[in-house]
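Participant: Questions regarding the structure given below will be posed in turn.
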Amino acid sequence: MKKKLFITRKFPAHIVEPLEEFYDIEQWPEEELVIPREKLLEAVAHCEVLWVTLEDLVDDELLSHAPNLKLVTNLAVGFNNIDIPALRKYGVMATNTPGVLTNSTADLVFGLLLATARRIPESERYLRAGKWKSWYPMQLVGKDVSHTTIGIIGMGRIGQAVARRAIGFDMKVLYHNRRRRHEAEEMYGFKYASLEELLQQSDFVVIMTPYNKDTVGLIGEQELALMRDDAVLINASRGGIIDEVALYETLNKGKLWAVGLDVFEYEPIAMDHPLLTLPNVVALPHIGSASIKARTDMLMLNYNALAAYGQGKAISNRID
Ligand code: GLV
Ligand code: GLV
């Protein structure tokens, strides 16, 4: 008898179908809509393997509804949606998708740096609104990215990929991380800074740290107050790392040049969210890893873990 696999979203058929060799597959039929919680709790009652997106919460409650569950594959590198101690308690394995989205996400971070500094979305709105009457010297002037200081909070794979790109823009690179990155410091001249120093000295503050109990609300009122008045803040990790109320209040006082956000505390962000009323907020719908190659590679890393489990082989990229 084949093992039962439940997939919480409609994923591309050419990736899912080959798994029928090993699994009896059930799949939530919607590509765009999240499976309602009660349907998910029903679905996991019978499955041995569960394939989830970053929007599906795998916590004690879910695991207590899933007596046969052995493996969860998470279509993301970030796994704040998965309660690791609870997994251990229930003896369930899990995998994520590290490495394959590093460059795509770092590229998007640079897109946000340029978009915020040079007011690219605002300029495009200006053109489409028919406001372009002439060329004049101080029209839509922005800030340079090159020859400034970038401060990266969270120097994992993606943080380091952002830092390497910054070298090409002749930026001074500061970073803050739990562990020093001595090799990267020596090889590229990146400088370690305390969180306080980094916030005070950077023109661009980029958040790349994972989201967990230590980083919830890491950037709040006090941290924002330390930043330079014309600094730019970028977040492409997880929304809850920034206190959005404090961020709105800071921007509303005229502090900070701009903010670039690919992630929000609650996703999708509500269309009446105060941050969306500000012209210097560039807001994106969590597209950090959204290149065809990165998303395909992410699906394939999960596929490989599922195929390995289906054949009784060892599984890579475990996070449990
Ligand atoms: C996306 O946010 C991911 O963690 O892969
Ligand atoms: C993710 O891959 C990270 O370590 O930054």
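Quick note on naming: the chains in the structure tokens go A, B, ... in the order shown, residues restart at 1 in each chain, and ligands are numbered from 1 in order of appearance.
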Hey, what's within 9 Å of Gly156 in chain A if we count only C-alpha atoms and toss same-chain stuff fewer than 3 positions away? As a list in words, please?
Facilitator: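 Contacts, with the query itself left out: Gly159, Gln160, Ala161, Asn177, Met208, Thr209 and Pro210 of chain A.
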Participant: List as CSV every residue of chain A that is in contact with ligand 1, defined as an atom at most 8 Å from one of its atoms (using only C-alpha atoms and all ligand atoms), together with the nearest atom pair and the distance in Å rounded to one decimal, sorted by chain and then rising number.
Facilitator:
```
residue,atom,partner,partner_atom_place_in_ligand_line,distance
A:Leu54,CA,ligand 1,4 (O),7.0
A:Leu75,CA,ligand 1,5 (O),6.6
A:Ala76,CA,ligand 1,5 (O),3.2
A:Val77,CA,ligand 1,5 (O),3.9
A:Gly78,CA,ligand 1,4 (O),3.5
A:Phe79,CA,ligand 1,4 (O),6.6
A:Thr97,CA,ligand 1,5 (O),6.8
A:Pro98,CA,ligand 1,5 (O),7.8
A:Leu101,CA,ligand 1,5 (O),7.1
A:Ala236,CA,ligand 1,2 (O),7.7
A:Ser237,CA,ligand 1,2 (O),6.4
A:Arg238,CA,ligand 1,2 (O),7.1
A:His286,CA,ligand 1,2 (O),6.7
A:Ile287,CA,ligand 1,2 (O),7.8
A:Gly288,CA,ligand 1,2 (O),6.6
A:Ser289,CA,ligand 1,1 (C),6.3
```
Participant: Please produce an output containing all heavy atoms for each residue in the selection, written as a compact mmCIF listing (two decimals), in the first residue's frame.
Facilitator:
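Result saved to out.txt:
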```txt
# COMPACT_ATOMS: atom_id res chain seq x y z
N LEU A 54 4.51 28.31 3.52
CA LEU A 54 4.84 29.10 4.72
C LEU A 54 3.59 29.66 5.40
O LEU A 54 3.68 30.20 6.50
CB LEU A 54 5.83 30.22 4.37
CG LEU A 54 5.49 31.16 3.21
CD1 LEU A 54 4.60 32.29 3.67
CD2 LEU A 54 6.75 31.71 2.59
N LEU A 75 7.75 24.41 1.94
CA LEU A 75 8.20 25.07 0.71
C LEU A 75 8.68 26.49 1.02
O LEU A 75 8.12 27.48 0.57
CB LEU A 75 7.06 25.10 -0.33
CG LEU A 75 7.45 25.58 -1.72
CD1 LEU A 75 8.47 24.66 -2.35
CD2 LEU A 75 6.23 25.73 -2.62
N ALA A 76 9.74 26.57 1.81
CA ALA A 76 10.34 27.85 2.21
C ALA A 76 11.64 27.54 2.93
O ALA A 76 11.81 26.43 3.47
CB ALA A 76 9.42 28.60 3.16
N VAL A 77 12.53 28.52 2.96
CA VAL A 77 13.72 28.36 3.80
C VAL A 77 13.39 28.73 5.24
O VAL A 77 13.82 28.08 6.19
CB VAL A 77 14.93 29.15 3.24
CG1 VAL A 77 14.72 30.65 3.30
CG2 VAL A 77 16.21 28.79 4.00
N GLY A 78 12.60 29.80 5.42
CA GLY A 78 12.17 30.20 6.76
C GLY A 78 11.17 29.19 7.28
O GLY A 78 10.31 28.73 6.53
N PHE A 79 11.27 28.81 8.55
CA PHE A 79 10.33 27.80 9.06
C PHE A 79 9.72 28.22 10.39
O PHE A 79 9.45 27.39 11.26
CB PHE A 79 10.97 26.40 9.10
CG PHE A 79 12.30 26.32 9.80
CD1 PHE A 79 12.39 26.12 11.17
CD2 PHE A 79 13.48 26.42 9.06
CE1 PHE A 79 13.61 26.02 11.80
CE2 PHE A 79 14.72 26.35 9.69
CZ PHE A 79 14.78 26.14 11.07
N THR A 97 13.96 24.51 2.42
CA THR A 97 14.59 24.69 1.10
C THR A 97 15.75 25.68 1.15
O THR A 97 15.71 26.73 0.49
CB THR A 97 13.54 25.21 0.08
OG1 THR A 97 13.13 26.54 0.50
CG2 THR A 97 12.34 24.31 -0.03
N PRO A 98 16.82 25.37 1.88
CA PRO A 98 17.93 26.33 1.97
C PRO A 98 18.76 26.37 0.70
O PRO A 98 18.78 25.42 -0.08
CB PRO A 98 18.76 25.77 3.13
CG PRO A 98 18.53 24.31 3.07
CD PRO A 98 17.09 24.14 2.62
N LEU A 101 17.36 29.65 -2.92
CA LEU A 101 16.70 30.95 -3.13
C LEU A 101 17.58 32.11 -2.66
O LEU A 101 17.15 33.25 -2.65
CB LEU A 101 15.34 30.98 -2.42
CG LEU A 101 15.29 30.47 -0.98
CD1 LEU A 101 16.00 31.37 -0.01
CD2 LEU A 101 13.85 30.26 -0.57
N ALA A 236 13.15 41.80 4.10
CA ALA A 236 12.76 40.71 3.19
C ALA A 236 12.84 39.38 3.92
O ALA A 236 13.05 38.34 3.31
CB ALA A 236 13.65 40.70 1.95
N SER A 237 12.66 39.42 5.26
CA SER A 237 12.74 38.18 6.04
C SER A 237 11.33 37.78 6.49
O SER A 237 10.65 37.01 5.80
CB SER A 237 13.68 38.40 7.22
OG SER A 237 13.71 37.26 8.03
N ARG A 238 10.90 38.30 7.64
CA ARG A 238 9.53 38.06 8.10
C ARG A 238 9.03 39.34 8.76
O ARG A 238 9.80 40.05 9.44
CB ARG A 238 9.48 36.91 9.12
CG ARG A 238 9.68 35.52 8.53
CD ARG A 238 8.51 35.06 7.65
NE ARG A 238 8.70 33.70 7.15
CZ ARG A 238 9.32 33.37 6.00
NH1 ARG A 238 9.82 34.32 5.23
NH2 ARG A 238 9.43 32.11 5.64
N HIS A 286 5.54 39.59 -0.73
CA HIS A 286 6.38 38.43 -0.36
C HIS A 286 6.89 37.67 -1.59
O HIS A 286 6.61 36.49 -1.77
CB HIS A 286 5.60 37.49 0.58
CG HIS A 286 6.50 36.63 1.44
ND1 HIS A 286 6.20 36.29 2.72
CD2 HIS A 286 7.69 36.03 1.18
CE1 HIS A 286 7.16 35.52 3.23
NE2 HIS A 286 8.08 35.35 2.30
N ILE A 287 7.66 38.42 -2.42
CA ILE A 287 8.15 37.82 -3.68
C ILE A 287 9.67 37.62 -3.67
O ILE A 287 10.28 37.45 -4.73
CB ILE A 287 7.77 38.68 -4.91
CG1 ILE A 287 8.30 40.12 -4.79
CG2 ILE A 287 6.25 38.66 -5.12
CD1 ILE A 287 8.23 40.90 -6.10
N GLY A 288 10.28 37.62 -2.48
CA GLY A 288 11.74 37.49 -2.39
C GLY A 288 12.32 36.37 -3.23
O GLY A 288 13.31 36.55 -3.94
N SER A 289 11.71 35.21 -3.16
CA SER A 289 12.26 34.05 -3.88
C SER A 289 11.53 33.80 -5.21
O SER A 289 11.72 32.75 -5.82
CB SER A 289 12.15 32.80 -3.01
OG SER A 289 10.78 32.49 -2.77
```
Participant: Assign secondary structure with DSSP using the backbone only, and return the residues of range 25-265 of chain A in helix (DSSP H, G or I) as a PyMOL selection string.
Facilitator: chain A and resi 37-43+60-64+84-90+102-117+120-128+157-168+182-188+195-201+221-226+239-241+244-252
Participant: For CA of Asp203 in chain A and CA of Arg125 in chain A, determine how far apart the two atoms are, in Å to one decimal place.
Facilitator: 25.0 Å
Participant: Would you list, as a VMD selection string, the residues of range 182-307 of chain A that end up in strand (DSSP E) under DSSP run on this structure's backbone?
Facilitator: chain A and resid 191 to 192 204 to 207 232 to 235 258 to 261 281 to 283
Participant: Quick one: residues within 9 Å of Leu140 in chain A, only C-alpha atoms counted, chain neighbours fewer than 3 positions away excluded, as a PyMOL selection string?
Facilitator: chain A and resi 118-119+122-123+137
Participant: Residues within 6 Å of Trp257 in chain A, please, as a VMD selection string. Count only C-alpha atoms; anything in the same chain fewer than 2 positions from it doesn't count.
Facilitator: chain A and resid 230 to 232
Participant: Check the smallest atom-to-atom distance from each of A:Pro18, A:Gly217, A:Gly189, A:Gly154 to ligand 2 using only C-alpha atoms and all ligand atoms, then report the winner.
Facilitator: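 That would be A:Gly154, the residue with the smallest distance to ligand 2.
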Participant: Kindly indicate which residue among A:Leu299, A:Ala270, A:Ile7, A:Val141 lies nearest to Thr116 in chain A, using only C-alpha atoms for the distances.
Facilitator: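 Among the listed residues, the smallest separation from Thr116 in chain A belongs to A:Val141.
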Participant: Tell me which of A:Val162, A:Leu284, A:Ile150, A:Leu261 sits closest to ligand 2, counting only C-alpha atoms and all ligand atoms.
Facilitator: A:Val162
Participant: Can you work out which one of A:Leu251, A:Val173, A:Met155, A:Thr73 has the shortest atom-to-atom distance to Thr102 in chain A, counting only C-alpha atoms?
Facilitator: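 Of all the options, A:Met155 lies closest to Thr102 in chain A.
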